[in-house]
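*Asks:* Data file work_31.csv (CSV, C-alpha atoms and all ligand atoms) is appended below.
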```csv
chain,number,residue,atom,x,y,z
B,6,MET,CA,129.5,102.8,109.6
B,7,THR,CA,129.7,103.2,113.4
B,8,ALA,CA,128.7,106.7,114.7
B,9,SER,CA,130.6,108.5,117.5
B,10,ALA,CA,128.8,109.4,120.7
B,11,ASP,CA,128.3,113.0,119.4
B,12,HIS,CA,126.7,111.8,116.1
B,13,PRO,CA,123.1,112.9,115.6
B,14,LEU,CA,122.0,109.2,115.4
B,15,ALA,CA,123.4,108.7,119.0
B,16,ALA,CA,121.5,111.8,120.2
B,17,ASP,CA,118.3,110.8,118.5
B,18,ALA,CA,118.5,107.2,119.8
B,19,LEU,CA,119.1,108.5,123.4
B,20,ASP,CA,116.1,110.9,123.0
B,21,GLY,CA,113.8,108.4,121.3
B,22,LEU,CA,114.4,104.9,122.4
B,23,TRP,CA,113.8,105.7,126.1
B,24,SER,CA,110.6,107.7,125.3
B,25,ASP,CA,107.1,106.3,125.7
B,26,PRO,CA,106.3,105.1,123.1
B,27,PRO,CA,109.9,104.6,121.8
B,28,THR,CA,110.3,106.6,118.6
B,29,LEU,CA,113.0,107.2,116.0
B,30,PRO,CA,113.2,110.0,113.5
B,31,THR,CA,112.1,108.9,110.0
B,32,LYS,CA,115.2,110.3,108.4
B,33,TRP,CA,117.2,107.4,109.8
B,34,LEU,CA,115.2,105.0,107.5
B,35,TYR,CA,117.1,106.6,104.6
B,36,ASP,CA,120.6,105.1,104.6
B,37,GLU,CA,121.8,104.0,101.1
B,38,ARG,CA,119.9,100.7,101.3
B,39,GLY,CA,116.8,102.4,102.8
B,40,SER,CA,116.8,105.0,99.9
B,41,ARG,CA,117.0,102.2,97.3
B,42,LEU,CA,114.1,100.4,99.1
B,43,PHE,CA,112.0,103.5,99.1
B,44,ASP,CA,112.7,103.9,95.4
B,45,GLU,CA,111.4,100.3,95.0
B,46,ILE,CA,108.3,101.2,97.1
B,47,THR,CA,107.4,103.9,94.6
B,48,ARG,CA,106.9,101.1,92.0
B,49,VAL,CA,104.9,98.6,94.0
B,50,PRO,CA,101.2,98.4,92.8
B,51,GLU,CA,99.7,99.5,96.2
B,52,TYR,CA,101.8,102.7,96.5
B,53,TYR,CA,99.7,105.1,94.5
B,54,PRO,CA,101.1,108.5,95.7
B,55,THR,CA,104.1,108.5,93.3
B,56,ARG,CA,102.0,107.7,90.3
B,57,ARG,CA,99.4,110.3,91.2
B,58,GLU,CA,101.9,113.0,91.8
B,59,THR,CA,103.7,112.1,88.5
B,60,GLU,CA,100.4,112.4,86.7
B,61,ILE,CA,99.9,116.0,88.1
B,62,LEU,CA,103.5,116.9,87.2
B,63,GLN,CA,103.2,115.6,83.7
B,64,GLU,CA,100.2,117.8,83.1
B,65,HIS,CA,101.3,121.0,84.9
B,66,SER,CA,105.1,121.3,85.0
B,67,ALA,CA,105.2,123.7,82.1
B,68,SER,CA,102.5,126.0,83.8
B,69,ILE,CA,104.5,125.9,87.0
B,70,ALA,CA,107.7,126.9,85.2
B,71,ALA,CA,105.8,129.7,83.4
B,72,ALA,CA,103.9,130.9,86.5
B,73,THR,CA,107.0,131.1,88.8
B,74,ASP,CA,109.7,132.0,86.2
B,75,ALA,CA,112.1,130.8,88.9
B,76,SER,CA,115.9,131.0,88.4
B,77,THR,CA,116.6,128.4,91.1
B,78,MET,CA,114.8,125.3,92.4
B,79,VAL,CA,115.7,123.9,95.8
B,80,GLU,CA,114.2,120.5,96.4
B,81,PHE,CA,113.9,119.2,100.0
B,82,GLY,CA,114.2,115.4,100.3
B,83,SER,CA,115.0,115.0,96.6
B,84,GLY,CA,115.9,111.3,96.8
B,85,THR,CA,116.5,110.0,93.3
B,86,SER,CA,114.7,113.2,91.8
B,87,THR,CA,112.8,110.9,89.4
B,88,LYS,CA,109.6,112.9,89.3
B,89,THR,CA,111.5,116.1,89.5
B,90,ARG,CA,112.7,115.4,86.0
B,91,LEU,CA,109.3,116.6,84.7
B,92,LEU,CA,109.9,120.0,86.4
B,93,LEU,CA,113.5,120.1,85.3
B,94,ARG,CA,112.5,119.5,81.7
B,95,ALA,CA,110.0,122.4,81.9
B,96,PHE,CA,112.4,124.8,83.6
B,97,ALA,CA,115.2,123.8,81.1
B,98,ASP,CA,112.9,124.5,78.2
B,99,ARG,CA,112.0,127.9,79.7
B,100,ALA,CA,115.7,128.7,80.3
B,101,ALA,CA,116.5,127.9,76.7
B,102,GLN,CA,113.7,130.2,75.5
B,103,THR,CA,114.5,133.1,77.8
B,104,GLY,CA,118.3,132.8,77.7
B,105,ASN,CA,118.4,132.9,81.6
B,106,GLY,CA,120.3,130.2,83.5
B,107,PHE,CA,118.6,127.7,85.8
B,108,THR,CA,120.1,126.1,88.9
B,109,TYR,CA,118.7,122.9,90.6
B,110,VAL,CA,119.7,122.3,94.3
B,111,PRO,CA,118.6,118.9,95.5
B,112,LEU,CA,118.9,118.6,99.3
B,113,ASP,CA,118.8,115.3,101.1
B,114,VAL,CA,120.2,113.5,104.1
B,115,SER,CA,121.0,110.4,102.0
B,116,THR,CA,124.5,111.2,100.6
B,117,GLU,CA,125.0,108.3,98.2
B,118,ILE,CA,121.6,108.6,96.5
B,119,LEU,CA,121.9,112.4,96.3
B,120,GLU,CA,125.4,112.3,94.8
B,121,SER,CA,124.8,109.6,92.2
B,122,SER,CA,121.5,111.2,91.1
B,123,ALA,CA,123.2,114.6,90.8
B,124,VAL,CA,125.8,113.2,88.4
B,125,THR,CA,123.2,111.6,86.2
B,126,LEU,CA,121.0,114.7,86.2
B,127,ALA,CA,123.9,117.0,85.3
B,128,ALA,CA,124.7,114.8,82.3
B,129,ASP,CA,121.0,114.6,81.3
B,130,TYR,CA,120.3,118.3,81.6
B,131,PRO,CA,123.4,120.1,80.3
B,132,GLY,CA,121.5,123.5,80.4
B,133,ILE,CA,120.9,123.3,84.1
B,134,ALA,CA,123.5,123.8,86.9
B,135,VAL,CA,123.0,120.9,89.4
B,136,GLU,CA,124.4,121.8,92.9
B,137,PRO,CA,123.5,119.0,95.4
B,138,VAL,CA,123.6,119.7,99.1
B,139,VAL,CA,123.8,117.0,101.9
B,140,GLY,CA,121.6,118.6,104.5
B,141,ASP,CA,118.6,118.3,106.9
B,142,PHE,CA,115.5,120.2,106.1
B,143,THR,CA,114.5,120.3,109.8
B,144,ALA,CA,117.7,122.2,110.7
B,145,PRO,CA,116.9,125.2,112.9
B,146,ASP,CA,119.2,127.4,110.8
B,147,LEU,CA,117.5,126.5,107.5
B,148,ALA,CA,119.0,128.7,104.8
B,149,LEU,CA,118.4,128.8,101.0
B,150,PRO,CA,121.1,129.6,98.4
B,151,PRO,CA,121.0,133.2,97.1
B,152,ALA,CA,119.6,133.5,93.5
B,153,PRO,CA,119.4,136.1,90.8
B,154,GLY,CA,115.6,135.7,90.4
B,155,PRO,CA,112.7,134.1,92.2
B,156,ARG,CA,113.4,130.8,93.9
B,157,ILE,CA,111.1,127.8,94.1
B,158,VAL,CA,111.4,125.3,97.0
B,159,VAL,CA,109.7,122.0,96.1
B,160,PHE,CA,108.8,119.4,98.6
B,161,LEU,CA,107.3,116.4,96.9
B,162,GLY,CA,106.3,112.8,97.7
B,163,GLY,CA,104.0,113.7,100.6
B,164,THR,CA,107.1,113.9,102.8
B,165,ILE,CA,105.4,116.8,104.6
B,166,GLY,CA,103.2,114.1,106.2
B,167,ASN,CA,106.2,112.8,108.1
B,168,PHE,CA,105.9,115.8,110.5
B,169,ASP,CA,103.4,115.8,113.3
B,170,ASP,CA,101.2,119.0,113.6
B,171,LYS,CA,103.7,120.8,115.8
B,172,GLU,CA,106.8,119.9,113.7
B,173,ARG,CA,105.0,120.9,110.6
B,174,ALA,CA,104.1,124.3,112.0
B,175,VAL,CA,107.8,124.9,113.0
B,176,PHE,CA,109.0,123.7,109.6
B,177,LEU,CA,106.6,126.0,107.7
B,178,GLU,CA,107.5,128.9,109.9
B,179,ARG,CA,111.3,128.4,109.3
B,180,LEU,CA,110.7,128.0,105.6
B,181,ALA,CA,108.6,131.1,105.3
B,182,ALA,CA,111.4,133.0,107.1
B,183,ALA,CA,114.0,131.6,104.7
B,184,LEU,CA,112.0,132.6,101.6
B,185,ALA,CA,112.1,136.1,100.3
B,186,PRO,CA,108.9,137.9,99.1
B,187,GLY,CA,108.1,136.7,95.6
B,188,ASP,CA,109.7,133.2,96.1
B,189,PHE,CA,107.5,130.1,95.7
B,190,PHE,CA,106.9,126.9,97.5
B,191,LEU,CA,105.5,123.8,95.7
B,192,LEU,CA,104.2,121.2,98.0
B,193,GLY,CA,103.0,117.7,97.2
B,194,ALA,CA,100.6,116.2,99.8
B,195,ASP,CA,98.6,113.0,100.1
B,196,LEU,CA,94.9,113.3,100.8
B,197,VAL,CA,92.7,111.4,103.2
B,198,LYS,CA,91.0,108.5,101.5
B,199,ASP,CA,89.7,105.0,102.0
B,200,THR,CA,91.5,103.4,105.0
B,201,GLY,CA,92.0,100.1,103.2
B,202,ARG,CA,93.9,101.7,100.3
B,203,LEU,CA,96.0,103.8,102.7
B,204,VAL,CA,97.0,100.8,104.8
B,205,ALA,CA,97.8,98.7,101.8
B,206,ALA,CA,100.1,101.5,100.4
B,207,TYR,CA,102.2,101.1,103.5
B,208,ASN,CA,102.0,97.3,103.7
B,209,ASP,CA,102.6,96.0,100.2
B,210,LYS,CA,102.2,92.3,99.4
B,211,ALA,CA,105.8,92.0,98.2
B,212,GLY,CA,107.1,93.1,101.6
B,213,VAL,CA,109.2,96.0,100.3
B,214,THR,CA,107.8,98.5,102.8
B,215,ALA,CA,108.4,95.9,105.6
B,216,ASP,CA,112.1,95.6,104.5
B,217,PHE,CA,112.3,99.4,104.3
B,218,ASN,CA,111.0,99.8,107.9
B,219,ARG,CA,113.0,96.9,109.4
B,220,ASN,CA,116.2,98.4,107.8
B,221,MET,CA,116.0,101.0,110.6
B,222,ILE,CA,117.2,98.2,113.0
B,223,GLU,CA,120.2,97.6,110.8
B,224,VAL,CA,120.9,101.4,110.8
B,225,LEU,CA,120.8,101.3,114.6
B,226,ARG,CA,122.8,98.1,114.9
B,227,SER,CA,125.7,99.2,112.6
B,228,GLY,CA,125.6,102.9,113.6
B,229,LEU,CA,125.6,102.4,117.3
B,230,ASP,CA,127.5,99.2,117.5
B,231,ALA,CA,124.6,97.3,119.1
B,232,GLN,CA,124.9,93.8,120.5
B,233,GLY,CA,121.7,91.7,120.7
B,234,LEU,CA,119.8,93.7,118.0
B,235,TYR,CA,118.6,91.7,115.0
B,236,VAL,CA,116.3,92.7,112.1
B,237,ASP,CA,114.6,89.3,112.3
B,238,ASP,CA,113.4,90.0,115.8
B,239,PHE,CA,111.0,92.7,114.5
B,240,ASP,CA,107.7,92.8,112.6
B,241,HIS,CA,106.6,95.7,110.3
B,242,ILE,CA,103.3,97.2,111.4
B,243,ALA,CA,101.4,99.8,109.4
B,244,ARG,CA,98.1,101.1,110.7
B,245,TRP,CA,95.7,104.1,110.3
B,246,ASN,CA,95.4,106.5,113.3
B,247,PRO,CA,91.9,108.0,112.7
B,248,ARG,CA,92.2,110.6,115.4
B,249,ARG,CA,95.4,112.1,113.9
B,250,HIS,CA,94.6,111.3,110.2
B,251,ARG,CA,97.8,109.5,109.7
B,252,ILE,CA,99.4,106.2,108.8
B,253,GLU,CA,101.9,105.0,111.5
B,254,MET,CA,104.7,102.6,110.9
B,255,TRP,CA,105.9,100.7,113.9
B,256,LEU,CA,108.4,97.9,114.5
B,257,ARG,CA,107.0,95.3,116.9
B,258,ALA,CA,109.4,93.1,119.0
B,259,ARG,CA,108.8,89.4,118.3
B,260,ARG,CA,110.6,88.5,121.5
B,261,ASP,CA,112.0,90.2,124.6
B,262,ILE,CA,114.8,92.4,123.2
B,263,ASP,CA,118.0,93.1,125.3
B,264,VAL,CA,120.5,95.3,123.6
B,265,TYR,CA,123.8,96.9,124.5
B,266,PHE,CA,124.7,100.0,122.5
B,267,GLU,CA,128.5,100.3,122.6
B,268,VAL,CA,128.5,103.9,121.3
B,269,LEU,CA,125.9,105.0,123.9
B,270,GLN,CA,127.4,102.7,126.6
B,271,ARG,CA,123.8,101.9,127.6
B,272,SER,CA,121.5,98.9,127.7
B,273,TRP,CA,118.0,99.0,126.2
B,274,ARG,CA,115.1,96.6,126.8
B,275,LEU,CA,112.0,96.2,124.7
B,276,PRO,CA,109.5,93.6,125.9
B,277,ARG,CA,108.0,91.1,123.4
B,278,GLY,CA,105.0,92.8,121.6
B,279,ALA,CA,106.2,96.3,122.4
B,280,GLU,CA,106.6,98.7,119.5
B,281,VAL,CA,108.9,101.5,118.2
B,282,LEU,CA,107.4,104.3,116.1
B,283,THR,CA,109.5,104.8,113.0
B,284,GLU,CA,107.3,106.9,110.6
B,285,ILE,CA,104.1,108.8,110.5
B,286,SER,CA,102.5,109.8,107.2
B,287,THR,CA,99.8,112.4,107.8
B,288,LYS,CA,97.0,112.6,105.2
B,289,PHE,CA,95.5,116.0,104.4
B,290,ASP,CA,92.2,117.7,103.7
B,291,ARG,CA,92.7,120.2,100.8
B,292,ARG,CA,91.0,123.1,102.4
B,293,ALA,CA,92.7,122.7,105.8
B,294,LEU,CA,96.1,122.4,104.0
B,295,ASP,CA,95.4,125.7,102.1
B,296,ASP,CA,94.5,127.4,105.4
B,297,GLU,CA,97.6,126.0,107.1
B,298,LEU,CA,99.9,127.3,104.4
B,299,GLY,CA,98.2,130.7,104.4
B,300,ASP,CA,98.5,130.9,108.2
B,301,ALA,CA,102.3,130.2,107.9
B,302,GLY,CA,102.7,133.1,105.5
B,303,LEU,CA,102.7,130.9,102.4
B,304,PRO,CA,99.4,131.7,100.7
B,305,VAL,CA,98.4,129.2,98.1
B,306,VAL,CA,98.1,130.7,94.6
B,307,GLN,CA,97.1,127.5,92.7
B,308,THR,CA,96.4,123.8,93.4
B,309,TRP,CA,96.2,120.8,91.1
B,310,THR,CA,95.0,117.3,91.7
B,311,ASP,CA,95.1,114.0,89.8
B,312,GLY,CA,92.0,112.5,88.1
B,313,ALA,CA,91.2,110.3,91.2
B,314,GLU,CA,91.8,113.3,93.6
B,315,ASP,CA,94.2,111.2,95.6
B,316,PHE,CA,97.0,113.7,95.8
B,317,VAL,CA,97.4,117.5,95.7
B,318,LEU,CA,100.1,119.9,94.5
B,319,ALA,CA,99.8,123.3,96.1
B,320,LEU,CA,101.8,126.3,94.8
B,321,SER,CA,102.3,129.1,97.4
B,322,ARG,CA,103.9,132.5,97.0
B,323,ARG,CA,105.8,134.1,99.8
B,401,LIG,C1,109.3,109.9,101.1
B,401,LIG,S1,110.9,110.1,100.4
B,401,LIG,C2,110.5,111.1,99.0
B,401,LIG,C3,111.6,111.1,97.9
B,401,LIG,C4,111.2,111.9,96.7
B,401,LIG,N1,111.1,113.3,97.0
B,401,LIG,C5,109.9,111.4,96.1
B,401,LIG,O1,108.9,112.2,96.1
B,401,LIG,O2,109.8,110.3,95.7
B,401,LIG,C6,111.7,111.3,101.5
B,401,LIG,C7,113.1,111.8,101.1
B,401,LIG,O3,113.4,112.8,102.1
B,401,LIG,C8,114.7,112.5,102.6
B,401,LIG,N2,114.7,113.0,104.0
B,401,LIG,C9,114.0,112.5,105.0
B,401,LIG,N3,114.2,113.2,106.1
B,401,LIG,C10,115.0,114.2,105.7
B,401,LIG,C11,115.6,115.4,106.4
B,401,LIG,N4,115.3,115.6,107.7
B,401,LIG,N5,116.4,116.2,105.7
B,401,LIG,C12,116.7,116.0,104.4
B,401,LIG,N6,116.2,114.9,103.7
B,401,LIG,C13,115.4,114.1,104.4
B,401,LIG,C14,114.9,111.0,102.4
B,401,LIG,O4,116.3,110.6,102.4
B,401,LIG,C15,114.2,110.7,101.1
B,401,LIG,O5,115.0,110.9,100.0
```
Could I get this file's structure written as structure tokens?

*Replies:*
Amino acid sequence: MTASADHPLAADALDGLWSDPPTLPTKWLYDERGSRLFDEITRVPEYYPTRRETEILQEHSASIAAATDASTMVEFGSGTSTKTRLLLRAFADRAAQTGNGFTYVPLDVSTEILESSAVTLAADYPGIAVEPVVGDFTAPDLALPPAPGPRIVVFLGGTIGNFDDKERAVFLERLAAALAPGDFFLLGADLVKDTGRLVAAYNDKAGVTADFNRNMIEVLRSGLDAQGLYVDDFDHIARWNPRRHRIEMWLRARRDIDVYFEVLQRSWRLPRGAEVLTEISTKFDRRALDDELGDAGLPVVQTWTDGAEDFVLALSRR
């Protein structure tokens, strides 16, 4: 699909590709193909976060449903909602016991994945109202659907790590403003650990993460009608930034790149060896994360971790 000049992809490309270093927002990794590749990443042996977070949800979803007694769950960046099924089961069981209804609002930028998952979920959980929203959780006018009882916003998969420190503070501030007193926020965050394991998780041997990252080039090529832009001209790079406690994914030019973007009516050059930043994945310290949530007006009431202490789920109450 080719974007028009006023499409957000055009604005983000204009903003990012001419920056130093060139940078593109991570959300553009998630077109339909990118979302399917991410789903595949969750199953590669090196990518531990999904398995760890699943382990925590298997153990504690029923307590989360009981502790929050939420009537509505809004999930940011829901993707295929695979792990969320554990929470949905727990909330559906609770709704059946209490006789109260329960609504699930998955919100994602990736339209096709969102809509196909919502259809399957609605069929699998007849007791739950599934109301998908195509949306951007970084939108300045972030709003949550009204609900008859407490709401819980869930943000899983370590996606919070895709923000830098400043963006994260803005996001948490907007979220705190959108929540009403008594609402909940359930956050899944990946913890700092051995660098070798971290880098391997973003550079799997089968090359699925490389395909996922390089798919950004295809998104740009097709979306901005780019001439001279080819996926095969880029290498996937994943490295640990020790100063900023984060994995960074880059696309490195294999040769001098000369592109003309028809939609932008602009040329872009990237010399051989130069890199474009496509994703950061910040890793957290448990105590610092608690403090950060508390400072944002989202005090943590309970946290859970997996057996290996790789990943944390933090439940905050507004
Ligand atoms: C790392 S994946 C996590 C998917 C799933 N929650 C999980 O835990 O496996 C990030 C998800 O967030 C979505 N996403 C990324 N940026 C977004 C944004 N700005 N607004 C809404 N969704 C976004 C992607 O499409 C993708 O489904």

*Asks:* Nearest to B:Leu318 among B:Thr103, B:Thr59, B:Ser121, B:Ser76, with distances taken over all atoms listed in the file: which residue is it?

*Replies:* B:Thr59

*Asks:* Fewer than 5 positions away in the same chain doesn't count, so skip those; otherwise give me all residues within 9 Å of B:Leu42, counting all atoms listed in the file, as a list in words.

*Replies:*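 With the cut-off at 9 Å, the set is Tyr35, Glu37, Thr47, Val213, Thr214, Asp216 and Phe217 of chain B.
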
*Asks:* Do you know which residues are at most 7 Å from stretch 146-161 of chain B counting all atoms listed in the file, after dropping those on the same chain fewer than 2 positions away, and could you put them as a compact mmCIF listing (two decimals) with C-alpha atoms, in the coordinates of the input?

*Replies:*
```txt
# COMPACT_ATOMS: atom_id res chain seq x y z
CA ALA B 75 112.10 130.80 88.90
CA SER B 76 115.90 131.00 88.40
CA THR B 77 116.60 128.40 91.10
CA MET B 78 114.80 125.30 92.40
CA VAL B 79 115.70 123.90 95.80
CA GLU B 80 114.20 120.50 96.40
CA PHE B 81 113.90 119.20 100.00
CA GLY B 82 114.20 115.40 100.30
CA PHE B 142 115.50 120.20 106.10
CA ALA B 144 117.70 122.20 110.70
CA GLY B 163 104.00 113.70 100.60
CA THR B 164 107.10 113.90 102.80
CA ARG B 179 111.30 128.40 109.30
CA ALA B 183 114.00 131.60 104.70
CA GLY B 187 108.10 136.70 95.60
CA ASP B 188 109.70 133.20 96.10
CA PHE B 189 107.50 130.10 95.70
CA PHE B 190 106.90 126.90 97.50
CA LEU B 191 105.50 123.80 95.70
CA LEU B 192 104.20 121.20 98.00
CA GLY B 193 103.00 117.70 97.20
```

*Asks:* Pick out the residues no farther than 10 Å from ligand LIG 401 (chain B), counting only C-alpha atoms and all ligand atoms, and list them as a PyMOL selection string.

*Replies:* chain B and resi 30-37+39-41+43-44+46-47+54-56+58-59+80-89+111-119+138-144+159-168+193-194+286

*Asks:* Would you list the residues near (125.8, 106.3, 124.3), meaning any protein, DNA or RNA residue with an atom at most 9 Å from that point in file coordinates, counting all atoms listed in the file, as a VMD selection string?

*Replies:* chain B and resid 9 to 11 15 to 16 18 to 19 229 266 to 271

*Asks:* Tell me, in Å to one decimal, how far atom CA of B:Glu120 is from atom CA of B:Val135.

*Replies:* 10.4 Å

*Asks:* Find the spatial neighbours of B:Ala301, counting all atoms listed in the file, within a cut-off of 8 Å - ignore same-chain residues fewer than 6 positions away - and output them as a list in words.

*Replies:*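 Counting only the stated atoms, we get Ala174, Leu177, Glu178 and Ala181 of chain B.
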
*Asks:* Please dump the current selection as a tab-separated table (two decimals), in the frame of the given file; keep C-alpha atoms.

*Replies:*
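What ended up in part31.tsv:
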```tsv
chain	number	residue	atom	x	y	z
B	174	ALA	CA	104.10	124.30	112.00
B	177	LEU	CA	106.60	126.00	107.70
B	178	GLU	CA	107.50	128.90	109.90
B	181	ALA	CA	108.60	131.10	105.30
```

*Asks:* To one decimal in Å, tell me the separation between atom CA of B:Pro276 and atom CA of B:Gly228.

*Replies:*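 Atom-to-atom, atom CA of B:Pro276 to atom CA of B:Gly228, that is 22.3 Å.
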
*Asks:* Between atom CA of B:Trp309 and atom CA of B:Val49, what distance in Å does the model show, to one decimal?

*Replies:*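 Straight-line distance from atom CA of B:Trp309 to atom CA of B:Val49 works out to 24.0 Å.
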
*Asks:* Would you output stretch 241-267 of chain B from that structure, restricted to N, CA and C atoms, as a short mmCIF file (atom, residue, chain, number, x, y, z; two decimals), in the first residue's frame?

*Replies:*
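So the final result, stored in part.cif, reads:
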```cif
data_model
loop_
_atom_site.label_atom_id
_atom_site.label_comp_id
_atom_site.auth_asym_id
_atom_site.auth_seq_id
_atom_site.Cartn_x
_atom_site.Cartn_y
_atom_site.Cartn_z
N HIS B 241 20.96 -7.01 9.35
CA HIS B 241 20.35 -6.85 10.69
C HIS B 241 21.46 -6.84 11.74
N ILE B 242 21.43 -5.83 12.58
CA ILE B 242 22.42 -5.73 13.67
C ILE B 242 21.66 -5.63 14.99
N ALA B 243 22.05 -6.43 15.99
CA ALA B 243 21.47 -6.30 17.34
C ALA B 243 22.63 -6.17 18.31
N ARG B 244 22.66 -5.10 19.10
CA ARG B 244 23.73 -5.00 20.10
C ARG B 244 23.23 -4.35 21.38
N TRP B 245 23.99 -4.65 22.45
CA TRP B 245 23.65 -4.18 23.79
C TRP B 245 24.29 -2.82 23.98
N ASN B 246 23.51 -1.84 24.45
CA ASN B 246 24.05 -0.53 24.79
C ASN B 246 24.14 -0.49 26.32
N PRO B 247 25.35 -0.66 26.89
CA PRO B 247 25.45 -0.80 28.34
C PRO B 247 25.12 0.50 29.08
N ARG B 248 25.35 1.63 28.42
CA ARG B 248 25.11 2.91 29.08
C ARG B 248 23.60 3.14 29.26
N ARG B 249 22.84 2.70 28.28
CA ARG B 249 21.40 2.96 28.33
C ARG B 249 20.58 1.70 28.63
N HIS B 250 21.29 0.62 29.01
CA HIS B 250 20.61 -0.63 29.43
C HIS B 250 19.60 -1.09 28.38
N ARG B 251 20.05 -1.13 27.14
CA ARG B 251 19.06 -1.53 26.14
C ARG B 251 19.70 -2.25 24.96
N ILE B 252 18.89 -3.15 24.39
CA ILE B 252 19.25 -3.76 23.12
C ILE B 252 18.85 -2.76 22.04
N GLU B 253 19.68 -2.61 21.04
CA GLU B 253 19.33 -1.75 19.90
C GLU B 253 19.36 -2.59 18.63
N MET B 254 18.35 -2.42 17.82
CA MET B 254 18.34 -3.09 16.51
C MET B 254 18.57 -2.03 15.44
N TRP B 255 19.52 -2.32 14.58
CA TRP B 255 19.88 -1.40 13.51
C TRP B 255 19.80 -2.12 12.18
N LEU B 256 19.70 -1.33 11.10
CA LEU B 256 19.84 -1.86 9.74
C LEU B 256 21.08 -1.20 9.15
N ARG B 257 22.06 -2.02 8.79
CA ARG B 257 23.33 -1.47 8.28
C ARG B 257 23.41 -1.62 6.76
N ALA B 258 23.75 -0.54 6.07
CA ALA B 258 23.83 -0.57 4.60
C ALA B 258 25.01 -1.42 4.14
N ARG B 259 24.73 -2.35 3.24
CA ARG B 259 25.81 -3.20 2.68
C ARG B 259 26.56 -2.49 1.56
N ARG B 260 25.96 -1.46 1.00
CA ARG B 260 26.60 -0.67 -0.06
C ARG B 260 26.07 0.76 0.05
N ASP B 261 26.60 1.68 -0.75
CA ASP B 261 26.05 3.03 -0.76
C ASP B 261 24.61 2.95 -1.26
N ILE B 262 23.71 3.56 -0.50
CA ILE B 262 22.29 3.49 -0.86
C ILE B 262 21.86 4.86 -1.40
N ASP B 263 21.22 4.85 -2.55
CA ASP B 263 20.67 6.09 -3.14
C ASP B 263 19.21 5.83 -3.46
N VAL B 264 18.34 6.53 -2.76
CA VAL B 264 16.91 6.25 -2.89
C VAL B 264 16.17 7.50 -3.33
N TYR B 265 15.12 7.30 -4.13
CA TYR B 265 14.19 8.42 -4.37
C TYR B 265 12.81 8.00 -3.86
N PHE B 266 12.27 8.76 -2.90
CA PHE B 266 10.93 8.49 -2.36
C PHE B 266 9.92 9.32 -3.15
N GLU B 267 9.15 8.63 -3.97
CA GLU B 267 8.16 9.32 -4.80
C GLU B 267 7.17 10.11 -3.92
#
```
